[in-house]
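Let me begin by presenting the structure, written as structure tokens, before commenting on it.
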Amino acid sequence: MPEWFTQLSPWVQALLAGGFTWVMTLLGATLVLFKRSLPPALDDAMLGFAGGVMIAASFWSLLAPGIEIAKSSAGPPAWLVAAGGFLLGAAVLRGLDALVPHLHPALQHSEGPRSKLKQSTLLFLAMTIHNIPEGLAVGVAFGAAAGGADFALGGNYASAIALAAGIGIQNLPEGISVAMPMRRAGLSRWKCFHVGHLSAIVEPVAALLGAWLVTQVGIILPWALCFAAGAMIFVVIEELIPESQANRRIDLSTLSCIVGFTLMMILDVALG
């Protein structure tokens with residue numbers, strides 16, 4: 001890893017990593033400028049792949065380090081930190097789901113309060129909710145690499161970079177998956193492009209917030225890691241897996257999910 005990067009503050013590291021994951025979404029959304037649609041089977045495979053990456057990242061880069069840090073601290077039992085943080089992360093995402101009107105791209109049904117917002121706005125809100133835990137996870141991982149404010153034991157930079165790389169890789173098909181349905185619905189290619197990539201602009205902001213929290217209030221570090229894992233798993237189960245199987249290509253989406261999981265596992269184990 002370049003020495004200049006390790007010498008940056010964890011806030012700047014998290015911001016750069018969150019910026020990378022956003023740029024990957026932007027690159028994916030760029031495809032809508034050249035094509036109106038992709039084969040439905042490819043859409044399903046990409047969604048399944050993204051789900052597999054997020055499941056693996058949730059365990060290898062978030063839950064496992066969170067449990068290890070909790071074990072080394074004098075705080076509550078590790079099982080309580082893991083379960084409490086995980087459930088809280090899922091509960092917060094469920095709360096956002098209930099409070100914010102949004103529309104899932106592949107399922108084409110709206111959730112949250114009734115709204116007269118345009119379809120493009122509802123799609124944008126859905127992907128923004130989806131991207132918050134991803135950015136938060138990246139920020140918390142880099143905060144953990146710095147050790148937090150009160151912990152001698154944190155994560156490590158290789159693991160944090162593996163997480164950012166994995167999320168960036170799965171953001172590439174995500175950018176396509178959010179932009180293409182709007183293009184098929186008749187929206188202009190440039191509007192689809194902007195909605196597609198701007199839905200991920202929240203990731204650098206969430207990454208900065210996550211890094212700031214765990215470096216300023218170190219005691220929440222293991223809780224924050226498990227919280228981010230719970231939020232990401234909620235997104236996978238509530239959105240990615242159902243959308244990947246909406247067209248009943250269950251074997252394809254399942255195998256793609258396994259490939260995504262395996263790739264993320266290799267990244268984390270090899271680098272971490």
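How things are named: the first chain in the structure tokens is A, the next is B, and so on; residues count from 1 in each chain; ligands count from 1 in the order shown.
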
Could I get the residues of range 53-158 of chain A with an atom no further than 12 Å from an atom of range 251-266 of chain A, each paired with its nearest atom pair and that distance in Å to one decimal, using only C-alpha atoms, sorted by chain and residue number, as a Markdown table?
| residue | atom | partner | partner_atom | distance |
| --- | --- | --- | --- | --- |
| A:Val53 | CA | A:Gly260 | CA | 4.6 |
| A:Met54 | CA | A:Phe261 | CA | 7.5 |
| A:Ile55 | CA | A:Phe261 | CA | 6.6 |
| A:Ala56 | CA | A:Phe261 | CA | 5.1 |
| A:Ala57 | CA | A:Met264 | CA | 6.4 |
| A:Ser58 | CA | A:Met264 | CA | 10.0 |
| A:Phe59 | CA | A:Met265 | CA | 9.2 |
| A:Trp60 | CA | A:Met265 | CA | 6.9 |
| A:Ser61 | CA | A:Met265 | CA | 9.1 |

8 Å contact set for range 234-241 of chain A, only C-alpha atoms, chain neighbours under 3 positions out, as a list in words: Leu47, Gly48, Ala50, Gly51, Met54, Ile55, Ala90, Leu93, Arg94, His104, His130, Gly230, Ala231, Ser244, Gln245 and Ser253 of chain A

Kindly export the residues of the current selection with C-alpha atoms, as an mmCIF file, in the first residue's frame.
data_model
loop_
_atom_site.group_PDB
_atom_site.id
_atom_site.type_symbol
_atom_site.label_atom_id
_atom_site.label_comp_id
_atom_site.auth_asym_id
_atom_site.auth_seq_id
_atom_site.Cartn_x
_atom_site.Cartn_y
_atom_site.Cartn_z
ATOM 1 C CA LEU A 47 -28.014 -8.354 -8.883
ATOM 2 C CA GLY A 48 -27.204 -11.814 -7.552
ATOM 3 C CA ALA A 50 -23.890 -7.800 -5.913
ATOM 4 C CA GLY A 51 -25.804 -9.612 -3.181
ATOM 5 C CA MET A 54 -22.361 -7.709 0.211
ATOM 6 C CA ILE A 55 -23.011 -10.890 2.215
ATOM 7 C CA ALA A 90 -31.223 -3.874 10.273
ATOM 8 C CA LEU A 93 -32.720 0.376 7.544
ATOM 9 C CA ARG A 94 -36.218 -0.975 8.115
ATOM 10 C CA HIS A 104 -37.383 -0.842 -6.291
ATOM 11 C CA HIS A 130 -29.397 1.106 -0.415
ATOM 12 C CA GLY A 230 -26.785 -5.662 9.792
ATOM 13 C CA ALA A 231 -27.716 -2.759 7.524
ATOM 14 C CA SER A 244 -32.473 -10.966 -8.748
ATOM 15 C CA GLN A 245 -35.150 -13.694 -8.672
ATOM 16 C CA SER A 253 -29.114 -15.518 -9.583
#

Helix (DSSP H, G or I) call set, DSSP backbone run, range 22-172 of chain A, as a VMD selection string: chain A and resid 22 to 33 40 to 72 78 to 99 119 to 145 157 to 172

Once you count only C-alpha atoms, what closest atom pair and distance in Å to one decimal does each residue of range 192-236 of chain A within 10 Å of range 70-73 of chain A have, with rows by chain and rising residue number, as a tab-separated table?
residue	atom	partner	partner_atom	distance
A:Ile219	CA	A:Ser73	CA	8.9
A:Ile220	CA	A:Ala70	CA	9.8
A:Leu221	CA	A:Ala70	CA	8.6
A:Pro222	CA	A:Ala70	CA	5.8
A:Trp223	CA	A:Ala70	CA	8.3

Top pick for closest residue to Gln216 in chain A, considering A:Gly186, A:Asn131, A:Ala160, A:Gly143 and counting only C-alpha atoms: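 Smallest separation from Gln216 in chain A among the options: A:Gly143.
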
Range 17-199 of chain A: residues DSSP assigns to strand (DSSP E), reported as a list in words: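 So, restricting range 17-199 of chain A to strand (DSSP E), we get His102, Leu103, Ser110 and Glu111 of chain A.
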
Could you save the residues just selected, with N, CA and C atoms, as a JSON list (two decimals), in the first residue's frame?
[["chain", "number", "residue", "atom", "x", "y", "z"],
["A", 102, "HIS", "N", -40.18, 5.09, -1.81],
["A", 102, "HIS", "CA", -39.18, 4.68, -2.78],
["A", 102, "HIS", "C", -39.73, 3.55, -3.64],
["A", 103, "LEU", "N", -39.02, 3.27, -4.73],
["A", 103, "LEU", "CA", -39.46, 2.27, -5.70],
["A", 103, "LEU", "C", -38.28, 1.39, -6.06],
["A", 110, "SER", "N", -43.80, 0.26, -5.12],
["A", 110, "SER", "CA", -43.32, 1.30, -4.21],
["A", 110, "SER", "C", -43.50, 0.87, -2.77],
["A", 111, "GLU", "N", -42.68, 1.45, -1.90],
["A", 111, "GLU", "CA", -42.75, 1.20, -0.47],
["A", 111, "GLU", "C", -42.69, 2.53, 0.27]]

Top pick for closest residue to Ala224 in chain A, considering A:Pro40, A:Gly112, A:Gly210, A:Gly196 and counting only C-alpha atoms: A:Gly210

Pick from A:Trp212, A:Trp4, A:Trp190, A:Phe86, whichever lies nearest to Ala228 in chain A using only C-alpha atoms: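 Using only C-alpha atoms, Ala228 in chain A sits closest to A:Phe86.
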
Pick from A:Ala41, A:Ile69, A:Ala200, A:Ala98, whichever lies nearest to Gly168 in chain A using only C-alpha atoms: A:Ala200

Quick one: which range 58-138 of chain A residues come within 12 Å of range 20-28 of chain A, and what is the nearest atom pair for each with the distance in Å to one decimal, counting only C-alpha atoms, rows ordered by chain and ascending number, as CSV?
residue,atom,partner,partner_atom,distance
A:Met127,CA,A:Thr25,CA,10.9
A:Thr128,CA,A:Trp22,CA,11.4
A:Asn131,CA,A:Trp22,CA,9.3
A:Ile132,CA,A:Trp22,CA,11.4
A:Glu134,CA,A:Thr21,CA,8.8
A:Gly135,CA,A:Thr21,CA,8.1
A:Leu136,CA,A:Thr21,CA,11.7
A:Ala137,CA,A:Thr21,CA,11.5
A:Val138,CA,A:Thr21,CA,9.2

Residue nearest Ile176 in chain A - candidates A:Pro77, A:Asp97, A:Leu88, A:Val195, atoms counted: only C-alpha atoms: A:Val195

So that I can check the surroundings of Ala229 in chain A, please list as a tab-separated table (two decimals) with N, CA and C atoms, in the first residue's frame every protein, DNA and RNA residue that reaches within 7 Å of it, counting only C-alpha atoms and ignoring chain neighbours fewer than 2 positions away.
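Output below, filename result09.tsv:
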chain	number	residue	atom	x	y	z
A	58	SER	N	-20.09	-8.33	4.63
A	58	SER	CA	-20.72	-8.15	5.93
A	58	SER	C	-20.06	-9.02	6.99
A	62	LEU	N	-16.69	-6.93	8.38
A	62	LEU	CA	-17.42	-6.16	9.39
A	62	LEU	C	-17.72	-6.96	10.66
A	63	LEU	N	-18.50	-8.03	10.53
A	63	LEU	CA	-18.88	-8.79	11.72
A	63	LEU	C	-17.68	-9.43	12.42
A	86	PHE	N	-25.83	-5.72	15.08
A	86	PHE	CA	-26.38	-6.27	13.85
A	86	PHE	C	-27.88	-5.98	13.75
A	225	LEU	N	-19.20	-1.60	13.52
A	225	LEU	CA	-18.90	-2.62	12.53
A	225	LEU	C	-20.08	-3.58	12.37
A	226	CYS	N	-20.63	-4.03	13.50
A	226	CYS	CA	-21.77	-4.96	13.45
A	226	CYS	C	-23.03	-4.26	12.94
A	227	PHE	N	-23.19	-2.98	13.27
A	227	PHE	CA	-24.31	-2.19	12.77
A	227	PHE	C	-24.29	-2.13	11.25
A	231	ALA	N	-27.08	-3.61	8.53
A	231	ALA	CA	-27.72	-2.76	7.52
A	231	ALA	C	-27.50	-3.32	6.12
A	232	MET	N	-26.29	-3.84	5.85
A	232	MET	CA	-26.01	-4.38	4.51
A	232	MET	C	-26.79	-5.66	4.28
A	233	ILE	N	-26.86	-6.53	5.28
A	233	ILE	CA	-27.61	-7.78	5.11
A	233	ILE	C	-29.09	-7.49	4.91

Between CA of Met182 in chain A and CA of Val202 in chain A, distance in Å (one decimal):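 The value is 20.0 Å.
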
Top pick for closest residue to Ala145 in chain A, considering A:Ser199, A:Gln7, A:Ser37, A:Ser159 and counting only C-alpha atoms: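 Among the listed residues, A:Ser159 lies closest to Ala145 in chain A.
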